[in-house]
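Trainee: Supplied in structure tokens, the structure appears directly below.
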Amino acid sequence: MFEFGSPREGLVHSTSEVALRFSIQINEGPYTHQASDTAYQFTKAALEKGHEIFRVFFYHDGVNNGTRYTVPPQDDRNLQKLWTELAEKHKLDLVVCIAAAQRRGILDANEAKRQGKDGDNIAPGFRISGLGQLIEAGIQADRLIVFGD
Amino acid sequence: MFEFGSPREGLVHSTSEVALRFSIQINEGPYTHQASDTAYQFTKAALEKGHEIFRVFFYHDGVNNGTRYTVPPQDDRNLQKLWTELAEKHKLDLVVCIAAAQRRGILDANEAKRQGKDGDNIAPGFRISGLGQLIEAGIQADRLIVFGD
Amino acid sequence: MSDEQQKKKFFYLNRKAPYGTIYALESLEVVLIGAAFEQDVSLAFVDDGVFQLMDNQDAAGTGMKGFSKIYRALGDYEVRKLYVEKESLETRGLSVEDLMPITYEDEDEDYAEKPSIILVDKSELAKIIADQDVVMSF
Amino acid sequence: MSDEQQKKKFFYLNRKAPYGTIYALESLEVVLIGAAFEQDVSLAFVDDGVFQLMDNQDAAGTGMKGFSKIYRALGDYEVRKLYVEKESLETRGLSVEDLMPITYEDEDEDYAEKPSIILVDKSELAKIIADQDVVMSF
Amino acid sequence: MSTLHTVNKSAYERNALKSCLDHALPGDAILLIEDGVYAARKGGSIAPALTAAKGNFKIYALGPDLAARGVVAGQVLEGIETVDYAGFVGLAADATRVCAWL
Amino acid sequence: MSTLHTVNKSAYERNALKSCLDHALPGDAILLIEDGVYAARKGGSIAPALTAAKGNFKIYALGPDLAARGVVAGQVLEGIETVDYAGFVGLAADATRVCAWL
């Protein structure tokens with residue numbers, strides 16, 4: 001893991017800041033609330049400062065960030081793509097809560113098959129898993145940051 | 001249209017109540033907020049009293065009521081199915097706003113094709129259309145009732 | 001029913017701040033589409049809704065799309081009545097000078113530019129609501 | 001890192017009323033799953049969160065699924081610390097008698113039934129928050 | 001020519017009920033639904049404001065929402081009438097317009 | 001051993017900031033984000049409470065959120081420091097835990 005040796009551009013005026021492991025929880029869907037935007041900017045900034053992101057966990061309506069069916073207006077940001085690209089670049093673990101996803105209609109191929117649905121809509125870079133992954137994210141990280149409504 | 005001649009079980013103590021034409025606007029997704037539940041109970045009660053429902057318009061996160069991919073817990077209500085069944089029974093016009101749906105990943109077969117997506121998730125009984133349908137619902141109905149957050 | 005009879009008073013009640021949630025933006029999208037229907041349209045900005053009209057909005061740093069320019073364009077859509085509640089401004093330490101200038105061109109007066117923002121107090125707004133046919137809340 | 005060192009203080013901050021939104025229910029789902037991880041768990045009910053614990057909840061008429069029984073079962077999951085804020089109760093005209101009785105069996109005292117609800121005031125709760133490792137907000 | 005106002009937010013958390021009371025006219029009906037029904041409970045800090053408002057408005061609370069939240073019959077403020085969904089429809093029909101304070 | 005508290009709600013609409021101020025300890029940091037930043041604007045009715053709180057806590061506001069909402073530099077209350085997303089990360093790193101008042 002990257003350790004801060006000397007002051008760098010973009011670092012805050014913190015004297016104590018060393019590389020930490022963050023977990024991120026996102027509770028709201030894209031566009032409807034700013035939570036996903038703020039979480040994305042925070043995650044990007046943390047990575048740029050050399051911190052580790054242990055996991056990004058999508059809960060409640062946050063699971064709606066993980067559908068590849070969104071088609072936002074062309075002059076607007078595409079939050080799903082932003083997350084997918086950030087995950088690809090930094091090997092992020094983007095986890096969509098299975099219980100929350102079932103209530104809200106987010107499916108991967110496995111879930112679709114298991115539930116007898118005729119298709120799935122999960123976006124690249126996201127995976128569906130259980131709430132235990134959120135608890136583990138809390139245990140393994142130095143800080144858990146919650147973005148919600 | 002049904003007119004109230006004499007007092008009936010279940011009618012409120014209104015002396016003036018005649019059959020009216022209602023439009024319903026739903027702004028929130030199922031489960032996350034109670035708005036869809038309340039709107040459903042209101043719509044059902046209005047129909048049982050002999051009123052007409054001109055249109056149910058799903059806006060903002062309300063569009064998420066219209067995905068057939070939801071799999072709520074077995075002991076819980078399935079709001080999408082409740083709406084689909086009510087629409088079937090009473091020939092309701094359930095309209096999902098296209099602009100809101102695009103942001104949130106709700107697609108019908110036409111939209112999927114037009115946007116180059118590999119599948120769709122719209123539920124039976126729902127159709128995707130423009131915001132003009134909401135304005136028309138306001139114009140044509142005696143009352144527009146908004147359920148939201 | 002004639003076309004004239006079909007003309008209804010549409011009232012958009014905006015009580016939420018912009019950007020934190022999408023309601024302000026998606027409310028505007030309804031207003032723009034609704035303008036084509038040639039109804040009698042007015043908008044009200046109450047409580048945190050008054051923040052929607054603040055001048056100098058620049059969303060670029062958040063990654064979100066700014067949309068404050070749309071309010072300025074409402075006059076072009078013949079949306080000319082933007083009621084702003086005085087008490088809501090005062091509580092937030094705002095005056096009308098803190099808001100965007102929003103105007104329309106009056107075709108009856110040689111296209112003179114006139115302000116669309118109408119300051120009202122609570123009791124005036126209460127009476128305006130009581131005069132509407134359709135209230136859409138955001 | 002040993003298993004002992006891995007044990008963290010998990011704190012669930014519940015500030016929302018039940019039923020109007022899903023946060024109360026989905027917060028409970030995290031608590032139940034989290035119980036299997038054998039961390040040091042406590043829940044706090046503050047502001048409208050205290051409404052979650054009201055007795056006599058019956059959601060049948062709304063069509064929604066009632067879930068108040070889950071709170072009573074928390075003791076079986078070894079979730080035994082439910083901090084309820086006095087000031088939040090008082091503002092809402094509630095006393096602890098208006099809340100569900102929630103208990104756990106203390107295996108160290110011959111499985112005596114003990115109350116899980118712990119009344120605290122604001123300043124006590126502030127200190128409890130300052131002692132946590134992980135704060136999950138709902 | 002009256003308005004039905006609906007309030008679905010907890011008055012302890014948000015300003016929707018206050019704003020509604022500020023903008024209703026004498027003779028209007030106010031219906032508390034969803035989390036809005038907590039305001040109808042006796043003893044809370046919002047109760048005096050609601051009791052004062054009863055002189056000007058007809059105030060209702062949705063029964064199924066009260067029951068879901070554990071607000072039982074004897075706890076509802078005097079003068080607030082409980083209605084079911086059919087009653088909600090009736091109130092909407094009786095009014096000239098419905099204004100939601102979201 | 002301090003806490004970073006985040007507040008993302010308008011203090012004019014909800015009680016999140018008030019509740020945060022009631023539960024922060026001296027030396028804690030409070031970061032206003034999203035609609036929470038309106039509280040940092042001079043002249044509003046919440047300003048005195050925030051000014052009083054500055055004696056006990058370090059109060060920050062997220063710059064990009066201020067800018068989005070049209071709160072320009074001179075309008076921010078004295079003593080409230082503006083940070084960017086990197087600064088937000090730094091505050092989270094400096095604290096022992098982060099508590100969101102949603």
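How things are named: the first chain in the structure tokens is A, the next is B, and so on; residues count from 1 in each chain; ligands count from 1 in the order shown.
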Mind checking DSSP for region 75-137 of chain C and telling me the strand (DSSP E or B) residues as number ranges by chain?
Mentor: C: 82-85, 99, 103-106, 112-115, 117-120, 134-137
Trainee: Could you write out as a ChimeraX atom specification the residues of chain B within 6 Å of chain E, counting only C-alpha atoms?
Mentor: /B:12,42,45-46,149
Trainee: Please identify every residue of chain B that has at least one atom no more than 9 Å from any atom of chain C, counting only C-alpha atoms, and report them as a tab-separated table (two decimals) with N, CA, C and O atoms, in the first residue's frame.
Mentor:
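The result, written out as selection.tsv:
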chain	number	residue	atom	x	y	z
B	25	GLN	N	-50.55	10.55	-9.51
B	25	GLN	CA	-49.12	10.68	-9.80
B	25	GLN	C	-48.33	10.03	-8.67
B	25	GLN	O	-48.56	10.32	-7.50
B	27	ASN	N	-44.49	9.34	-7.25
B	27	ASN	CA	-43.14	9.87	-7.41
B	27	ASN	C	-42.03	9.02	-6.82
B	27	ASN	O	-40.86	9.38	-6.94
B	59	TYR	N	-43.62	8.94	-11.99
B	59	TYR	CA	-42.60	9.94	-12.26
B	59	TYR	C	-41.46	9.81	-11.25
B	59	TYR	O	-41.57	9.08	-10.27
B	60	HIS	N	-40.37	10.56	-11.45
B	60	HIS	CA	-39.21	10.45	-10.56
B	60	HIS	C	-38.89	8.93	-10.35
B	60	HIS	O	-39.00	8.15	-11.27
B	99	ALA	N	-38.56	10.08	-19.71
B	99	ALA	CA	-37.33	10.78	-19.31
B	99	ALA	C	-36.84	10.26	-17.96
B	99	ALA	O	-35.64	10.00	-17.77
B	100	ALA	N	-37.78	10.10	-17.03
B	100	ALA	CA	-37.41	9.58	-15.71
B	100	ALA	C	-36.95	8.13	-15.81
B	100	ALA	O	-36.04	7.70	-15.10
B	130	GLY	N	-44.40	9.94	-22.73
B	130	GLY	CA	-43.81	11.24	-22.38
B	130	GLY	C	-44.53	11.97	-21.27
B	130	GLY	O	-45.61	11.58	-20.81
B	131	LEU	N	-43.90	13.06	-20.83
B	131	LEU	CA	-44.45	13.89	-19.77
B	131	LEU	C	-45.77	14.55	-20.16
B	131	LEU	O	-46.55	14.96	-19.29
B	132	GLY	N	-46.01	14.67	-21.46
B	132	GLY	CA	-47.27	15.24	-21.91
B	132	GLY	C	-48.45	14.46	-21.36
B	132	GLY	O	-49.53	15.02	-21.12
B	134	LEU	N	-48.71	13.31	-18.43
B	134	LEU	CA	-49.00	13.80	-17.08
B	134	LEU	C	-49.81	15.09	-17.16
B	134	LEU	O	-50.79	15.27	-16.42
B	135	ILE	N	-49.42	15.97	-18.07
B	135	ILE	CA	-50.18	17.21	-18.24
B	135	ILE	C	-51.61	16.88	-18.68
B	135	ILE	O	-52.58	17.42	-18.14
B	136	GLU	N	-51.71	15.97	-19.62
B	136	GLU	CA	-53.04	15.57	-20.08
B	136	GLU	C	-53.86	14.97	-18.93
B	136	GLU	O	-55.06	15.23	-18.81
B	138	GLY	N	-53.64	15.80	-15.89
B	138	GLY	CA	-54.10	16.94	-15.10
B	138	GLY	C	-55.27	17.65	-15.74
B	138	GLY	O	-56.20	18.09	-15.06
B	139	ILE	N	-55.23	17.75	-17.06
B	139	ILE	CA	-56.29	18.45	-17.79
B	139	ILE	C	-57.59	17.65	-17.78
B	139	ILE	O	-58.66	18.19	-17.53
B	140	GLN	N	-57.47	16.37	-18.04
B	140	GLN	CA	-58.66	15.55	-18.23
B	140	GLN	C	-59.34	15.13	-16.94
B	140	GLN	O	-60.53	14.82	-16.93
B	142	ASP	N	-60.80	15.27	-12.96
B	142	ASP	CA	-61.39	16.22	-12.02
B	142	ASP	C	-60.43	16.53	-10.88
B	142	ASP	O	-60.45	17.61	-10.31
B	143	ARG	N	-59.64	15.54	-10.52
B	143	ARG	CA	-58.67	15.72	-9.44
B	143	ARG	C	-57.37	15.00	-9.80
B	143	ARG	O	-57.42	13.84	-10.20
B	144	LEU	N	-56.25	15.68	-9.58
B	144	LEU	CA	-54.94	15.01	-9.66
B	144	LEU	C	-54.42	14.85	-8.23
B	144	LEU	O	-54.36	15.83	-7.48
B	145	ILE	N	-54.07	13.61	-7.88
B	145	ILE	CA	-53.56	13.39	-6.52
B	145	ILE	C	-52.10	12.94	-6.63
B	145	ILE	O	-51.79	12.00	-7.36
B	146	VAL	N	-51.22	13.63	-5.91
B	146	VAL	CA	-49.78	13.34	-5.99
B	146	VAL	C	-49.32	12.58	-4.75
B	146	VAL	O	-49.58	13.03	-3.62
B	147	PHE	N	-48.67	11.46	-4.97
B	147	PHE	CA	-48.10	10.69	-3.87
B	147	PHE	C	-46.58	10.68	-4.03
B	147	PHE	O	-46.07	10.23	-5.05
B	148	GLY	N	-45.88	11.19	-3.02
B	148	GLY	CA	-44.44	11.29	-3.18
B	148	GLY	C	-43.70	11.41	-1.87
B	148	GLY	O	-44.22	11.08	-0.81
B	149	ASP	N	-42.49	11.92	-1.96
B	149	ASP	CA	-41.65	12.06	-0.77
B	149	ASP	C	-41.29	13.53	-0.55
B	149	ASP	O	-40.84	14.20	-1.46
Trainee: Within 10 Å of chain F, which residues belong to chain C? Use only C-alpha atoms and report them as an MDAnalysis selection string.
Mentor: chainID C and resid 15:21 47:48 51:68 88:94 98:99
Trainee: With 6 Å as the cut-off and only C-alpha atoms counted, what is the closest atom pair between each nearby residue of chain B and chain A? Distances in Å to one decimal, ordered by chain and number, as a Markdown table.
Mentor:
| residue | atom | partner | partner_atom | distance |
| --- | --- | --- | --- | --- |
| B:Tyr69 | CA | A:Gly105 | CA | 4.3 |
| B:Thr70 | CA | A:Gly105 | CA | 3.8 |
| B:Val71 | CA | A:Gln102 | CA | 4.7 |
| B:Pro72 | CA | A:Arg103 | CA | 4.5 |
| B:Gln102 | CA | A:Val71 | CA | 4.8 |
| B:Arg103 | CA | A:Pro72 | CA | 4.5 |
| B:Arg104 | CA | A:Thr70 | CA | 5.3 |
| B:Gly105 | CA | A:Thr70 | CA | 3.8 |
Trainee: Could you save the residues just selected, with N, CA and C atoms, as a CSV table (one decimal), in the first residue's frame?
Mentor:
chain,number,residue,atom,x,y,z
B,69,TYR,N,-38.6,-7.1,-12.9
B,69,TYR,CA,-37.4,-7.9,-12.3
B,69,TYR,C,-37.5,-7.9,-10.8
B,70,THR,N,-38.4,-7.3,-10.2
B,70,THR,CA,-38.4,-7.3,-8.7
B,70,THR,C,-38.8,-8.7,-8.2
B,71,VAL,N,-38.2,-9.1,-7.1
B,71,VAL,CA,-38.5,-10.3,-6.4
B,71,VAL,C,-38.6,-10.1,-4.9
B,72,PRO,N,-39.7,-9.4,-4.4
B,72,PRO,CA,-39.7,-9.1,-3.0
B,72,PRO,C,-39.9,-10.4,-2.2
B,102,GLN,N,-35.5,6.7,-18.4
B,102,GLN,CA,-34.1,6.6,-19.0
B,102,GLN,C,-33.1,6.8,-17.9
B,103,ARG,N,-33.3,7.7,-17.0
B,103,ARG,CA,-32.3,8.0,-16.0
B,103,ARG,C,-32.1,6.8,-15.0
B,104,ARG,N,-33.2,6.0,-14.9
B,104,ARG,CA,-33.3,5.0,-13.9
B,104,ARG,C,-33.2,3.6,-14.4
B,105,GLY,N,-33.2,3.4,-15.7
B,105,GLY,CA,-33.0,2.1,-16.2
B,105,GLY,C,-34.3,1.2,-16.3
Trainee: Could you please determine the separation between CA of Asn110 (chain B) and CA of Lys89 (chain B) in Å, to one decimal place?
Mentor: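 Answer for the CA of Asn110 (chain B) to CA of Lys89 (chain B) separation: 25.3 Å.
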Trainee: Run DSSP on the backbone and tell me which residues of chain D come out as helix (DSSP H, G or I); list them as a short mmCIF file (atom, residue, chain, number, x, y, z; two decimals) with N, CA, C and O atoms, in the first residue's frame.
Mentor:
data_model
loop_
_atom_site.label_atom_id
_atom_site.label_comp_id
_atom_site.auth_asym_id
_atom_site.auth_seq_id
_atom_site.Cartn_x
_atom_site.Cartn_y
_atom_site.Cartn_z
N ASP D 3 -8.35 -12.89 16.15
CA ASP D 3 -9.80 -12.73 16.14
C ASP D 3 -10.24 -11.69 17.16
O ASP D 3 -11.15 -10.90 16.93
N GLU D 4 -9.58 -11.69 18.31
CA GLU D 4 -9.97 -10.76 19.38
C GLU D 4 -9.80 -9.32 18.91
O GLU D 4 -10.67 -8.49 19.09
N GLN D 5 -8.68 -9.06 18.27
CA GLN D 5 -8.42 -7.71 17.77
C GLN D 5 -9.45 -7.30 16.73
O GLN D 5 -9.75 -6.13 16.58
N GLN D 6 -9.95 -8.28 15.97
CA GLN D 6 -10.90 -7.99 14.91
C GLN D 6 -12.25 -7.55 15.45
O GLN D 6 -13.07 -7.02 14.72
N TYR D 23 -36.04 2.52 5.57
CA TYR D 23 -34.74 2.48 6.26
C TYR D 23 -34.78 1.69 7.56
O TYR D 23 -33.84 0.96 7.88
N ALA D 24 -35.85 1.81 8.34
CA ALA D 24 -35.93 1.08 9.61
C ALA D 24 -35.87 -0.42 9.37
O ALA D 24 -35.12 -1.14 10.04
N LEU D 25 -36.66 -0.89 8.41
CA LEU D 25 -36.68 -2.33 8.13
C LEU D 25 -35.34 -2.82 7.60
O LEU D 25 -34.80 -3.83 8.06
N GLU D 26 -34.78 -2.10 6.65
CA GLU D 26 -33.52 -2.58 6.07
C GLU D 26 -32.34 -2.39 7.04
O GLU D 26 -31.34 -3.07 6.92
N SER D 27 -32.48 -1.48 7.98
CA SER D 27 -31.48 -1.39 9.05
C SER D 27 -31.50 -2.66 9.89
O SER D 27 -30.46 -3.24 10.21
N LEU D 28 -32.69 -3.11 10.23
CA LEU D 28 -32.83 -4.35 11.00
C LEU D 28 -32.23 -5.54 10.26
O LEU D 28 -31.63 -6.43 10.88
N GLU D 29 -32.39 -5.56 8.95
CA GLU D 29 -31.83 -6.68 8.18
C GLU D 29 -30.31 -6.70 8.28
O GLU D 29 -29.70 -7.76 8.34
N VAL D 30 -29.69 -5.53 8.33
CA VAL D 30 -28.24 -5.48 8.52
C VAL D 30 -27.88 -5.98 9.92
O VAL D 30 -26.95 -6.78 10.08
N VAL D 31 -28.64 -5.54 10.90
CA VAL D 31 -28.36 -5.94 12.29
C VAL D 31 -28.43 -7.46 12.43
O VAL D 31 -27.55 -8.08 13.05
N LEU D 32 -29.46 -8.07 11.83
CA LEU D 32 -29.62 -9.52 11.95
C LEU D 32 -28.47 -10.27 11.29
O LEU D 32 -27.93 -11.23 11.85
N ILE D 33 -28.08 -9.84 10.10
CA ILE D 33 -26.95 -10.49 9.41
C ILE D 33 -25.66 -10.22 10.19
O ILE D 33 -24.84 -11.11 10.40
N GLY D 34 -25.53 -8.98 10.64
CA GLY D 34 -24.31 -8.60 11.36
C GLY D 34 -24.11 -9.39 12.64
O GLY D 34 -22.97 -9.57 13.09
N ALA D 35 -25.22 -9.85 13.23
CA ALA D 35 -25.13 -10.57 14.50
C ALA D 35 -24.25 -11.82 14.38
O ALA D 35 -23.58 -12.22 15.33
N ASP D 47 -34.29 10.88 17.65
CA ASP D 47 -35.25 11.62 16.82
C ASP D 47 -36.41 10.70 16.45
O ASP D 47 -36.89 9.96 17.30
N ASP D 48 -36.86 10.72 15.19
CA ASP D 48 -38.00 9.88 14.82
C ASP D 48 -37.70 8.38 14.92
O ASP D 48 -38.61 7.55 14.83
N GLY D 49 -36.44 8.03 15.08
CA GLY D 49 -36.07 6.63 15.25
C GLY D 49 -36.76 5.97 16.43
O GLY D 49 -37.02 4.77 16.42
N VAL D 50 -37.10 6.76 17.46
CA VAL D 50 -37.77 6.16 18.63
C VAL D 50 -39.14 5.59 18.26
O VAL D 50 -39.62 4.67 18.92
N PHE D 51 -39.75 6.13 17.20
CA PHE D 51 -41.06 5.61 16.76
C PHE D 51 -40.97 4.14 16.33
O PHE D 51 -41.97 3.43 16.32
N GLN D 52 -39.78 3.70 15.94
CA GLN D 52 -39.63 2.31 15.51
C GLN D 52 -40.02 1.33 16.61
O GLN D 52 -40.44 0.21 16.34
N LEU D 53 -39.86 1.75 17.86
CA LEU D 53 -40.06 0.83 18.99
C LEU D 53 -41.45 0.94 19.60
O LEU D 53 -41.73 0.29 20.62
N ALA D 60 -51.30 -4.10 8.95
CA ALA D 60 -52.15 -4.87 8.02
C ALA D 60 -53.00 -3.97 7.11
O ALA D 60 -53.12 -4.23 5.92
N GLY D 61 -53.57 -2.93 7.67
CA GLY D 61 -54.48 -2.08 6.91
C GLY D 61 -53.83 -1.29 5.80
O GLY D 61 -54.51 -0.79 4.91
N THR D 62 -52.51 -1.18 5.83
CA THR D 62 -51.80 -0.42 4.81
C THR D 62 -51.34 -1.28 3.65
O THR D 62 -50.89 -0.76 2.62
N SER D 68 -42.42 -5.13 13.42
CA SER D 68 -42.03 -4.72 14.78
C SER D 68 -41.63 -5.92 15.65
O SER D 68 -40.86 -5.76 16.59
N LYS D 69 -42.12 -7.12 15.29
CA LYS D 69 -41.75 -8.30 16.08
C LYS D 69 -40.26 -8.58 16.03
O LYS D 69 -39.70 -9.21 16.93
N ILE D 70 -39.63 -8.14 14.96
CA ILE D 70 -38.19 -8.41 14.84
C ILE D 70 -37.41 -7.76 15.98
O ILE D 70 -36.44 -8.34 16.48
N TYR D 71 -37.85 -6.57 16.41
CA TYR D 71 -37.14 -5.90 17.50
C TYR D 71 -37.15 -6.76 18.76
O TYR D 71 -36.17 -6.86 19.48
N ARG D 72 -38.31 -7.41 19.01
CA ARG D 72 -38.43 -8.24 20.20
C ARG D 72 -37.52 -9.46 20.13
O ARG D 72 -37.15 -10.03 21.14
N ALA D 73 -37.20 -9.88 18.91
CA ALA D 73 -36.39 -11.08 18.74
C ALA D 73 -34.89 -10.78 18.78
O ALA D 73 -34.07 -11.69 18.73
N LEU D 74 -34.51 -9.53 18.87
CA LEU D 74 -33.08 -9.18 18.78
C LEU D 74 -32.26 -9.85 19.87
O LEU D 74 -31.09 -10.17 19.66
N GLY D 75 -32.87 -10.07 21.04
CA GLY D 75 -32.16 -10.73 22.14
C GLY D 75 -31.66 -12.11 21.73
O GLY D 75 -30.57 -12.54 22.15
N ASP D 76 -32.45 -12.81 20.92
CA ASP D 76 -32.04 -14.13 20.45
C ASP D 76 -30.82 -14.08 19.55
O ASP D 76 -30.13 -15.07 19.35
N TYR D 77 -30.56 -12.91 19.00
CA TYR D 77 -29.38 -12.71 18.14
C TYR D 77 -28.23 -12.07 18.93
O TYR D 77 -27.27 -11.59 18.34
N LYS D 86 -33.79 9.85 25.67
CA LYS D 86 -34.87 10.44 26.49
C LYS D 86 -35.48 11.67 25.83
O LYS D 86 -36.69 11.81 25.75
N GLU D 87 -34.65 12.60 25.40
CA GLU D 87 -35.15 13.85 24.84
C GLU D 87 -36.02 13.60 23.61
O GLU D 87 -37.01 14.29 23.39
N SER D 88 -35.61 12.61 22.81
CA SER D 88 -36.40 12.30 21.61
C SER D 88 -37.77 11.76 22.00
O SER D 88 -38.78 12.09 21.36
N LEU D 89 -37.82 10.93 23.03
CA LEU D 89 -39.11 10.44 23.53
C LEU D 89 -39.96 11.60 24.03
O LEU D 89 -41.14 11.73 23.66
N GLU D 90 -39.37 12.45 24.85
CA GLU D 90 -40.13 13.54 25.48
C GLU D 90 -40.75 14.47 24.43
O GLU D 90 -41.92 14.84 24.53
N THR D 91 -39.96 14.85 23.45
CA THR D 91 -40.47 15.74 22.40
C THR D 91 -41.71 15.15 21.74
O THR D 91 -42.63 15.87 21.36
N VAL D 96 -41.19 5.34 28.13
CA VAL D 96 -40.73 3.98 27.84
C VAL D 96 -41.91 2.99 27.89
O VAL D 96 -41.87 1.94 27.24
N GLU D 97 -42.98 3.34 28.58
CA GLU D 97 -44.16 2.46 28.64
C GLU D 97 -44.88 2.40 27.30
O GLU D 97 -45.67 1.50 27.05
N ASP D 98 -44.66 3.39 26.45
CA ASP D 98 -45.28 3.35 25.12
C ASP D 98 -44.51 2.46 24.15
O ASP D 98 -44.96 2.23 23.02
N GLU D 107 -27.26 -15.28 30.11
CA GLU D 107 -26.79 -16.64 30.39
C GLU D 107 -25.88 -16.68 31.62
O GLU D 107 -25.69 -17.72 32.22
N ASP D 108 -25.35 -15.53 32.01
CA ASP D 108 -24.49 -15.47 33.19
C ASP D 108 -25.29 -15.42 34.49
O ASP D 108 -24.73 -15.60 35.57
N GLU D 109 -26.57 -15.14 34.35
CA GLU D 109 -27.41 -15.09 35.56
C GLU D 109 -28.61 -16.01 35.40
O GLU D 109 -29.77 -15.61 35.55
N LYS D 122 -29.00 12.90 25.80
CA LYS D 122 -28.17 13.32 24.68
C LYS D 122 -26.67 13.24 24.98
O LYS D 122 -25.88 12.77 24.17
N SER D 123 -26.30 13.74 26.15
CA SER D 123 -24.87 13.81 26.44
C SER D 123 -24.29 12.41 26.65
O SER D 123 -23.15 12.13 26.28
N GLU D 124 -25.09 11.52 27.22
CA GLU D 124 -24.62 10.14 27.35
C GLU D 124 -24.45 9.50 25.97
O GLU D 124 -23.47 8.79 25.70
N LEU D 125 -25.42 9.77 25.09
CA LEU D 125 -25.34 9.18 23.77
C LEU D 125 -24.14 9.73 22.99
O LEU D 125 -23.47 9.00 22.25
N ALA D 126 -23.86 11.01 23.19
CA ALA D 126 -22.69 11.61 22.52
C ALA D 126 -21.42 10.85 22.90
O ALA D 126 -20.58 10.56 22.05
N LYS D 127 -21.31 10.50 24.19
CA LYS D 127 -20.12 9.75 24.63
C LYS D 127 -20.10 8.34 24.06
O LYS D 127 -19.04 7.79 23.75
N ILE D 128 -21.27 7.74 23.95
CA ILE D 128 -21.35 6.38 23.39
C ILE D 128 -20.89 6.39 21.93
O ILE D 128 -20.14 5.51 21.50
N ILE D 129 -21.34 7.40 21.18
CA ILE D 129 -20.92 7.49 19.77
C ILE D 129 -19.40 7.62 19.68
O ILE D 129 -18.76 6.98 18.83
#
Trainee: From the options E:Ile30, E:Val37, E:Val76, E:Ala16, which residue's atoms come nearest to chain F, counting only C-alpha atoms?
Mentor: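 Looking only at the distances to chain F, the closest residue turns out to be E:Ala16.
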Trainee: Please measure the separation of CA of Leu13 (chain C) and CA of Asn15 (chain F), giving the value in Å to one decimal.
Mentor: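 Between CA of Leu13 (chain C) and CA of Asn15 (chain F) the gap is 22.2 Å.
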Trainee: Can you pull out the residues contacting Asn56 (chain E)? Cut-off 9 Å, using only C-alpha atoms, and skip same-chain residues under 2 positions away; I want them as a list in words.
Mentor: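 So the residues in contact are Ala24, Leu25, Pro26, Gly27, Asp28, Ala52, Ala53, Lys54 and Lys58 of chain E.
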Trainee: So, counting only C-alpha atoms, which residue among E:Leu17, E:Thr51, E:Asp22, E:Leu31 is closest to chain F?
Mentor: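 Nearest to chain F: E:Leu17.
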Trainee: Can you work out the spacing between CA of Thr43 (chain B) and CA of Gly74 (chain E) in Å, to one decimal?
Mentor: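 It comes out at 29.1 Å.
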